$ cat coords_31.txt   # compact mmCIF, C-alpha atoms and all ligand atoms
# COMPACT_ATOMS: atom_id res chain seq x y z
CA MET A 1 -107.88 20.74 -55.59
CA ALA A 2 -104.93 22.56 -57.15
CA ARG A 3 -101.69 21.97 -55.28
CA LYS A 4 -99.84 24.96 -53.88
CA LYS A 5 -96.79 25.65 -56.01
CA ASP A 6 -93.74 25.37 -53.79
CA ARG A 7 -90.12 26.54 -53.92
CA PHE A 8 -88.98 23.60 -56.07
CA TYR A 9 -91.70 24.31 -58.64
CA TRP A 10 -90.47 27.90 -59.09
CA LEU A 11 -86.82 26.81 -58.98
CA ALA A 12 -87.50 24.30 -61.78
CA LYS A 13 -89.15 27.04 -63.87
CA ASP A 14 -86.19 29.34 -63.24
CA GLU A 15 -83.50 26.79 -63.99
CA GLY A 16 -85.15 25.27 -67.07
CA TYR A 17 -86.03 21.86 -65.62
CA ARG A 18 -89.26 20.34 -66.87
CA SER A 19 -90.34 19.11 -63.45
CA ARG A 20 -89.81 19.86 -59.78
CA ALA A 21 -88.97 16.15 -59.57
CA ALA A 22 -85.61 17.01 -61.15
CA TYR A 23 -84.47 18.23 -57.72
CA LYS A 24 -85.23 14.88 -56.13
CA LEU A 25 -82.81 13.15 -58.50
CA LEU A 26 -80.22 15.90 -57.97
CA GLN A 27 -80.49 15.47 -54.20
CA ILE A 28 -80.37 11.68 -54.44
CA ASN A 29 -77.33 11.85 -56.66
CA ASN A 30 -75.52 14.36 -54.43
CA ARG A 31 -75.97 12.01 -51.55
CA PHE A 32 -75.62 8.55 -53.09
CA HIS A 33 -73.53 9.19 -56.24
CA VAL A 34 -75.59 6.82 -58.34
CA ILE A 35 -74.87 8.45 -61.74
CA LYS A 36 -71.31 9.21 -62.85
CA LYS A 37 -69.73 10.77 -65.93
CA ASN A 38 -70.19 8.66 -69.10
CA ASP A 39 -72.73 6.31 -67.50
CA THR A 40 -75.43 4.73 -69.64
CA VAL A 41 -78.72 5.51 -67.90
CA VAL A 42 -82.27 4.22 -68.50
CA ASP A 43 -85.17 6.16 -66.95
CA LEU A 44 -88.49 4.26 -66.73
CA GLY A 45 -91.56 6.52 -66.39
CA ALA A 46 -89.57 9.54 -67.55
CA ALA A 47 -92.12 12.12 -68.84
CA PRO A 48 -92.06 15.09 -68.92
CA GLY A 49 -88.27 14.61 -68.74
CA GLY A 50 -86.84 16.43 -65.69
CA TRP A 51 -84.88 13.35 -64.58
CA LEU A 52 -83.67 12.85 -68.16
CA GLN A 53 -82.28 16.40 -68.18
CA VAL A 54 -80.48 15.79 -64.86
CA ALA A 55 -79.19 12.35 -65.94
CA LYS A 56 -77.90 13.74 -69.24
CA ASP A 57 -76.22 16.71 -67.50
CA ILE A 58 -74.40 14.42 -65.06
CA SER A 59 -73.42 11.53 -67.30
CA ASP A 60 -73.28 13.03 -70.77
CA GLY A 61 -73.36 9.39 -71.93
CA LYS A 62 -76.16 7.34 -73.45
CA VAL A 63 -79.48 8.20 -71.78
CA VAL A 64 -82.79 6.52 -72.67
CA GLY A 65 -86.23 7.53 -71.37
CA VAL A 66 -89.38 5.37 -71.45
CA ASP A 67 -92.94 6.56 -70.79
CA LEU A 68 -96.56 5.94 -71.66
CA GLN A 69 -96.66 9.61 -72.64
CA ARG A 70 -94.69 11.13 -75.47
CA ILE A 71 -91.57 12.84 -74.09
CA LYS A 72 -90.69 16.11 -75.78
CA PRO A 73 -87.17 15.77 -77.20
CA VAL A 74 -84.26 16.28 -74.79
CA GLU A 75 -80.97 16.90 -76.55
CA GLY A 76 -78.84 13.76 -76.74
CA VAL A 77 -81.51 11.55 -75.15
CA GLU A 78 -83.39 8.73 -76.90
CA THR A 79 -86.96 7.97 -75.92
CA VAL A 80 -89.41 5.09 -76.18
CA LYS A 81 -93.17 5.57 -75.95
CA GLY A 82 -94.80 2.57 -74.30
CA ASP A 83 -95.71 0.69 -71.15
CA MET A 84 -92.57 -0.14 -69.14
CA THR A 85 -94.23 -3.35 -67.90
CA SER A 86 -94.76 -4.70 -71.45
CA ASP A 87 -92.36 -6.99 -73.31
CA ARG A 88 -92.76 -4.89 -76.44
CA THR A 89 -91.48 -1.73 -74.73
CA ILE A 90 -88.69 -3.65 -73.03
CA SER A 91 -87.44 -5.11 -76.30
CA LYS A 92 -87.54 -1.69 -78.03
CA THR A 93 -85.50 -0.29 -75.13
CA LEU A 94 -83.03 -3.20 -75.22
CA LYS A 95 -82.45 -2.53 -78.93
CA ILE A 96 -81.47 1.07 -78.22
CA ILE A 97 -79.17 0.06 -75.35
CA GLY A 98 -77.27 -2.51 -77.43
CA ASP A 99 -74.91 -5.11 -75.96
CA GLU A 100 -72.90 -2.88 -73.66
CA GLY A 101 -75.28 -3.04 -70.71
CA VAL A 102 -76.48 -0.23 -68.49
CA ASP A 103 -74.78 1.50 -65.55
CA VAL A 104 -77.88 2.97 -63.90
CA VAL A 105 -81.63 2.27 -64.01
CA ILE A 106 -83.80 5.00 -62.51
CA SER A 107 -87.59 5.09 -62.21
CA ASP A 108 -89.86 7.79 -60.89
CA ALA A 109 -92.88 6.08 -62.47
CA ALA A 110 -96.18 6.59 -60.70
CA PRO A 111 -99.57 5.05 -61.42
CA ASN A 112 -102.56 7.30 -62.05
CA LEU A 113 -103.81 7.89 -58.54
CA SER A 114 -107.26 6.45 -57.82
CA GLY A 115 -107.51 7.83 -54.30
CA ASN A 116 -107.83 4.26 -52.97
CA TRP A 117 -104.59 3.94 -51.06
CA ASN A 118 -104.29 0.14 -51.17
CA LEU A 119 -104.89 0.08 -54.90
CA ASP A 120 -102.41 2.89 -55.59
CA HIS A 121 -99.81 1.13 -53.42
CA ALA A 122 -100.38 -2.18 -55.28
CA ARG A 123 -100.01 -0.46 -58.66
CA SER A 124 -96.85 1.28 -57.52
CA ILE A 125 -95.44 -2.09 -56.36
CA ASP A 126 -96.27 -3.53 -59.78
CA LEU A 127 -94.25 -0.76 -61.46
CA VAL A 128 -91.24 -1.04 -59.15
CA GLU A 129 -91.16 -4.84 -59.52
CA SER A 130 -91.04 -4.35 -63.30
CA ALA A 131 -88.28 -1.77 -62.91
CA LEU A 132 -86.30 -4.20 -60.73
CA GLU A 133 -86.71 -7.06 -63.23
CA PHE A 134 -85.56 -4.76 -66.02
CA ALA A 135 -82.57 -3.62 -63.93
CA LYS A 136 -81.59 -7.25 -63.23
CA GLN A 137 -81.70 -7.93 -66.95
CA VAL A 138 -79.61 -4.98 -68.13
CA LEU A 139 -77.36 -3.71 -65.34
CA LYS A 140 -73.63 -4.27 -65.47
CA PRO A 141 -72.13 -5.76 -62.29
CA GLY A 142 -71.65 -2.83 -59.89
CA GLY A 143 -74.51 -0.86 -61.53
CA ASN A 144 -76.97 1.28 -59.58
CA PHE A 145 -80.76 1.53 -59.21
CA VAL A 146 -83.14 4.25 -57.98
CA VAL A 147 -86.88 3.74 -57.79
CA LYS A 148 -89.85 5.58 -56.33
CA VAL A 149 -92.35 3.57 -54.27
CA PHE A 150 -95.61 4.56 -52.60
CA GLN A 151 -95.37 3.19 -49.10
CA GLY A 152 -97.68 0.44 -47.87
CA ASP A 153 -97.67 -3.09 -46.55
CA MET A 154 -95.86 -4.63 -49.55
CA PHE A 155 -92.98 -2.20 -49.25
CA ASN A 156 -90.76 -4.34 -47.03
CA ASP A 157 -91.02 -7.37 -49.32
CA PHE A 158 -89.95 -5.21 -52.22
CA LEU A 159 -87.06 -3.75 -50.20
CA ASP A 160 -85.90 -7.31 -49.40
CA LYS A 161 -85.86 -8.15 -53.11
CA VAL A 162 -83.69 -5.13 -53.81
CA LYS A 163 -81.40 -6.20 -50.95
CA THR A 164 -80.81 -9.58 -52.53
CA ASN A 165 -79.56 -7.91 -55.71
CA PHE A 166 -77.50 -4.92 -54.52
CA ALA A 167 -74.63 -4.73 -52.04
CA TYR A 168 -75.86 -1.47 -50.51
CA VAL A 169 -79.54 -0.53 -50.20
CA LYS A 170 -81.16 2.51 -48.63
CA ALA A 171 -84.74 3.82 -48.41
CA HIS A 172 -84.61 7.60 -48.66
CA GLU A 173 -86.99 10.56 -48.66
CA PRO A 174 -85.40 13.47 -50.54
CA ARG A 175 -86.02 16.98 -49.19
CA ALA A 176 -87.64 17.93 -52.48
CA SER A 177 -90.44 15.41 -51.81
CA ARG A 178 -93.49 17.13 -50.38
CA SER A 179 -93.48 16.68 -46.62
CA GLN A 180 -96.94 15.04 -46.50
CA SER A 181 -96.21 12.66 -49.38
CA ALA A 182 -95.96 8.92 -48.77
CA GLU A 183 -93.46 8.34 -51.54
CA ILE A 184 -90.05 6.97 -50.74
CA TYR A 185 -87.06 6.28 -52.97
CA VAL A 186 -85.17 3.02 -52.80
CA ILE A 187 -81.53 3.28 -53.78
CA GLY A 188 -79.61 0.12 -54.66
CA ARG A 189 -75.89 0.46 -55.23
CA ASP A 190 -73.43 -2.08 -56.57
CA PHE A 191 -75.54 -4.58 -58.51
CA LEU A 192 -74.54 -8.10 -57.57
CA LYS A 193 -74.36 -10.28 -60.64
CA THR A 194 -73.34 -13.18 -58.47
CA PRO A 195 -74.07 -16.89 -58.80
CA VAL A 196 -75.60 -16.90 -55.30
CA LYS A 197 -78.27 -14.73 -53.68
CA LYS A 198 -79.03 -13.89 -50.06
CA ASN A 199 -81.11 -16.54 -48.19
CA GLU A 200 -80.53 -19.22 -50.84
CA GLU A 201 -79.65 -22.66 -49.49
CA HIS A 202 -77.03 -24.94 -51.01
CA ASP A 203 -75.67 -28.38 -50.12
CA VAL A 204 -71.87 -28.16 -50.29
CA GLU A 205 -68.66 -29.83 -49.22
CA ILE A 206 -66.11 -27.62 -47.49
CA THR A 207 -62.96 -27.72 -49.56
CA SER A 208 -60.51 -25.48 -47.68
CA LEU A 209 -60.05 -23.06 -44.80
CA GLY A 210 -59.57 -19.33 -45.30
CA SER A 211 -56.89 -17.35 -43.46
CA GLY A 212 -59.44 -16.28 -40.79
CA GLY A 213 -60.22 -19.94 -40.01
CA ASP A 214 -63.62 -19.97 -41.76
CA GLY A 215 -64.32 -22.81 -44.17
CA THR A 216 -64.56 -21.91 -47.80
CA VAL A 217 -66.43 -23.39 -50.70
CA THR A 218 -66.76 -22.12 -54.25
CA ILE A 219 -69.94 -22.07 -56.33
CA ASN A 220 -69.28 -21.30 -60.01
CA GLY A 221 -65.93 -19.79 -59.05
CA PHE A 222 -67.51 -17.56 -56.37
CA VAL A 223 -66.01 -17.94 -52.87
CA ILE A 224 -68.31 -18.43 -49.88
CA PHE A 225 -67.05 -18.27 -46.29
CA VAL A 226 -68.72 -20.61 -43.80
CA LYS A 227 -68.18 -20.50 -40.00
CA ASP A 228 -67.84 -23.52 -37.69
CA VAL A 229 -66.89 -26.13 -40.26
CA ASN A 230 -63.90 -28.30 -41.11
CA ILE A 231 -62.46 -29.42 -44.41
CA GLY A 232 -64.48 -32.34 -45.77
CA ASP A 233 -67.71 -31.43 -43.89
CA ARG A 234 -70.84 -31.78 -45.95
CA VAL A 235 -73.30 -29.10 -44.96
CA LYS A 236 -76.44 -27.30 -46.00
CA ILE A 237 -75.62 -23.59 -45.95
CA ARG A 238 -77.80 -20.49 -46.14
CA ILE A 239 -76.30 -17.41 -47.80
CA LYS A 240 -76.28 -14.61 -45.20
CA ASP A 241 -74.56 -11.71 -46.93
CA VAL A 242 -73.41 -11.24 -50.51
CA LYS A 243 -70.57 -8.89 -51.47
CA PRO A 244 -69.52 -8.14 -55.04
CA SER A 245 -66.82 -10.83 -55.08
CA PHE A 246 -67.57 -13.20 -52.19
CA ALA A 247 -70.33 -14.15 -49.73
CA PHE A 248 -70.85 -15.32 -46.13
CA ALA A 249 -73.06 -18.26 -45.22
CA ASP A 250 -74.27 -20.02 -42.07
CA VAL A 251 -74.61 -23.76 -41.63
CA VAL A 252 -78.26 -24.79 -41.51
CA GLU A 253 -77.59 -28.53 -41.17
CA TYR A 254 -74.64 -30.95 -41.11
CA LEU A 255 -75.26 -33.61 -43.75
CA THR A 256 -73.95 -37.14 -43.72
CA LYS A 257 -74.44 -37.60 -47.43
CA PHE A 258 -75.90 -35.60 -50.32
C1 LIG B 1 -93.89 11.55 -61.67
S1 LIG B 1 -93.87 11.28 -63.39
C2 LIG B 1 -92.14 11.22 -63.75
C3 LIG B 1 -91.49 12.56 -63.67
C4 LIG B 1 -90.08 12.54 -64.20
N1 LIG B 1 -89.17 11.86 -63.29
C5 LIG B 1 -89.55 13.93 -64.42
O1 LIG B 1 -88.65 14.35 -63.67
O2 LIG B 1 -90.00 14.60 -65.35
C6 LIG B 1 -94.38 9.61 -63.52
C7 LIG B 1 -94.46 9.08 -64.92
O3 LIG B 1 -94.64 7.67 -64.88
C8 LIG B 1 -95.29 7.32 -66.08
N2 LIG B 1 -95.80 5.96 -66.02
C9 LIG B 1 -96.72 5.44 -65.18
N3 LIG B 1 -96.96 4.14 -65.47
C10 LIG B 1 -96.16 3.82 -66.51
C11 LIG B 1 -95.93 2.63 -67.27
N4 LIG B 1 -96.61 1.49 -66.99
N5 LIG B 1 -95.05 2.67 -68.27
C12 LIG B 1 -94.38 3.81 -68.56
N6 LIG B 1 -94.54 4.96 -67.88
C13 LIG B 1 -95.42 4.98 -66.87
C14 LIG B 1 -96.38 8.38 -66.20
O4 LIG B 1 -96.85 8.45 -67.55
C15 LIG B 1 -95.63 9.63 -65.74
O5 LIG B 1 -95.16 10.37 -66.84

$ encode --input "coords_31.txt" --output "structure tokens" --more "lines below"
Ligand SMILES: C[S@@+](CC[C@H](N)C(=O)[O-])C[C@H]1O[C@@H](n2cnc3c(N)ncnc32)[C@H](O)[C@@H]1O
Amino acid sequence: MARKKDRFYWLAKDEGYRSRAAYKLLQINNRFHVIKKNDTVVDLGAAPGGWLQVAKDISDGKVVGVDLQRIKPVEGVETVKGDMTSDRTISKTLKIIGDEGVDVVISDAAPNLSGNWNLDHARSIDLVESALEFAKQVLKPGGNFVVKVFQGDMFNDFLDKVKTNFAYVKAHEPRASRSQSAEIYVIGRDFLKTPVKKNEEHDVEITSLGSGGDGTVTINGFVIFVKDVNIGDRVKIRIKDVKPSFAFADVVEYLTKF
């Protein structure tokens, strides 16, 4: 059944965007400020190129689009034709990016819909997991991530994975999404390239006390604040919250020896 063409479809035609989806990225960016001037941006699942147009307009920096389909040229944007989940496509993309790293990874990729909701959800999760792995590989510390997910029972696990890698995470439905659609966008801001991750456990010895009275320990130069401990205590800690330059942890167990 042909879908009714809505306001964003006609707006996109009027304003020269290749897709109505362009407005979703504009709305996300107005609200969450994920892309800034001069940012390097990679868009996974980018055809026909509406998000690439928006990303290029905002950043005017290096913008790279990847899709199974050929993307008609967008001025100033480089493209890769291939499967974003394959190593071959990833290495072609990494070559274009170079050594500088990436400020923002965005992905509006969607599987071909089968009509079987569980299957479509699983395929969407497969795509977003690949996008997250790619983002972890290329993002600079403090970088941002936007990804579309079809909702379903694996959504929360995926959201938790994003939360372990970004300081600020939000699930958001932009107004330009159709009201009956089950798609949701996950926005991760401030990529944490830290030596510890949320919920990890470590055996440590408390080496000093911070000004607030919490114990502190450092792992690879990264400071972790631990409540209810004294200098010299040996404890198993679980990382509770990770910030860009420090973390908080709870004691799981007091150890007598390692
Ligand atoms: C909704 S469209 C993206 C629209 C785009 N954001 C825009 O504004 O023009 C989803 C895209 O994901 C692509 N896609 C799906 N699976 C993919 C995969 N494994 N690798 C690369 N692209 C994929 C599809 O080919 C399709 O072009």

$ closest_atom_pairs --input "coords_31.txt" --of "chain A" --to "ligand LIG 1 (chain B)" --cutoff "8 Å" --atoms "all atoms listed in the file" --output "tab-separated table"
residue	atom	partner	partner_atom	distance
A:Arg18	CA	B:LIG1	O2	6.0
A:Ser19	CA	B:LIG1	O2	4.9
A:Arg20	CA	B:LIG1	O1	6.8
A:Ala21	CA	B:LIG1	O1	4.5
A:Ala22	CA	B:LIG1	O1	4.8
A:Leu25	CA	B:LIG1	O1	7.9
A:Asp43	CA	B:LIG1	N1	7.9
A:Leu44	CA	B:LIG1	C12	6.2
A:Gly45	CA	B:LIG1	O3	3.6
A:Ala46	CA	B:LIG1	C4	4.5
A:Ala47	CA	B:LIG1	O5	4.0
A:Pro48	CA	B:LIG1	O2	4.2
A:Gly49	CA	B:LIG1	O2	3.8
A:Gly50	CA	B:LIG1	O1	3.4
A:Trp51	CA	B:LIG1	O1	4.0
A:Leu52	CA	B:LIG1	O1	6.9
A:Val66	CA	B:LIG1	C12	6.0
A:Asp67	CA	B:LIG1	N6	3.7
A:Leu68	CA	B:LIG1	C12	4.3
A:Gln69	CA	B:LIG1	O4	5.2
A:Lys81	CA	B:LIG1	C12	7.7
A:Gly82	CA	B:LIG1	C12	5.9
A:Asp83	CA	B:LIG1	N5	3.6
A:Met84	CA	B:LIG1	N5	3.8
A:Thr85	CA	B:LIG1	N4	5.5
A:Ser86	CA	B:LIG1	N4	7.9
A:Ser107	CA	B:LIG1	N1	7.0
A:Asp108	CA	B:LIG1	N1	4.8
A:Ala109	CA	B:LIG1	O3	3.4
A:Ala110	CA	B:LIG1	C6	4.5
A:Pro111	CA	B:LIG1	C9	4.7
A:Asn112	CA	B:LIG1	C9	6.9
A:Leu127	CA	B:LIG1	N4	6.4

$ closest_residue --input "coords_31.txt" --among "A:Arg7, A:Arg123, A:Lys170, A:Lys72" --to "Ile28 of chain A" --atoms "only C-alpha atoms"
A:Lys170

$ closest_residue --input "coords_31.txt" --among "A:Ile58, A:Val223, A:Ile187, A:Ala167" --to "Val147 of chain A" --atoms "only C-alpha atoms"
A:Ile187

$ residues_around --input "coords_31.txt" --residues "Thr256 of chain A" --least-positions-apart "2" --cutoff "9 Å" --atoms "all atoms listed in the file" --output "list in words"
Asp233, Arg234, Val235, Tyr254 and Phe258 of chain A

$ residues_around --input "coords_31.txt" --residues "Trp117 of chain A" --least-positions-apart "2" --cutoff "12 Å" --atoms "only C-alpha atoms" --output "number ranges by chain"
A: 111-115, 119-124, 150-153, 182-183

$ atom_distance --input "coords_31.txt" --atom1 "atom CA of Lys62 of chain A" --atom2 "atom CA of Thr40 of chain A"
4.7 Å

$ closest_atom_pairs --input "coords_31.txt" --of "segment 83-156 of chain A" --to "segment 192-205 of chain A" --cutoff "8 Å" --atoms "all atoms listed in the file" --output "Markdown table"
| residue | atom | partner | partner_atom | distance |
| --- | --- | --- | --- | --- |
| A:Lys140 | CA | A:Lys193 | CA | 7.7 |
| A:Pro141 | CA | A:Lys193 | CA | 5.3 |
| A:Gly142 | CA | A:Leu192 | CA | 6.4 |

$ axis_aligned_box --input "coords_31.txt" --around "segment 94-111 of chain A" --padding-each-side "8 Å" --output "lines of an AutoDock Vina configuration file"
center_x = -86.2
center_y = 1.3
center_z = -69.8
size_x = 42.7
size_y = 28.9
size_z = 34.2

$ atom_distance --input "coords_31.txt" --atom1 "atom CA of Glu173 of chain A" --atom2 "atom CA of Tyr9 of chain A"
17.6 Å

$ atom_distance --input "coords_31.txt" --atom1 "atom CA of Ser59 of chain A" --atom2 "atom CA of Asp126 of chain A"
28.4 Å

$ residues_around --input "coords_31.txt" --residues "Thr93 of chain A" --least-positions-apart "5" --cutoff "9 Å" --atoms "only C-alpha atoms" --output "mmCIF file with C-alpha atoms, in the coordinates of the input"
data_model
loop_
_atom_site.group_PDB
_atom_site.id
_atom_site.type_symbol
_atom_site.label_atom_id
_atom_site.label_comp_id
_atom_site.auth_asym_id
_atom_site.auth_seq_id
_atom_site.Cartn_x
_atom_site.Cartn_y
_atom_site.Cartn_z
ATOM 1 C CA VAL A 42 -82.270 4.220 -68.500
ATOM 2 C CA VAL A 64 -82.790 6.520 -72.670
ATOM 3 C CA GLY A 65 -86.230 7.530 -71.370
ATOM 4 C CA VAL A 66 -89.380 5.370 -71.450
ATOM 5 C CA THR A 79 -86.960 7.970 -75.920
ATOM 6 C CA VAL A 80 -89.410 5.090 -76.180
ATOM 7 C CA ARG A 88 -92.760 -4.890 -76.440
ATOM 8 C CA GLY A 98 -77.270 -2.510 -77.430
#
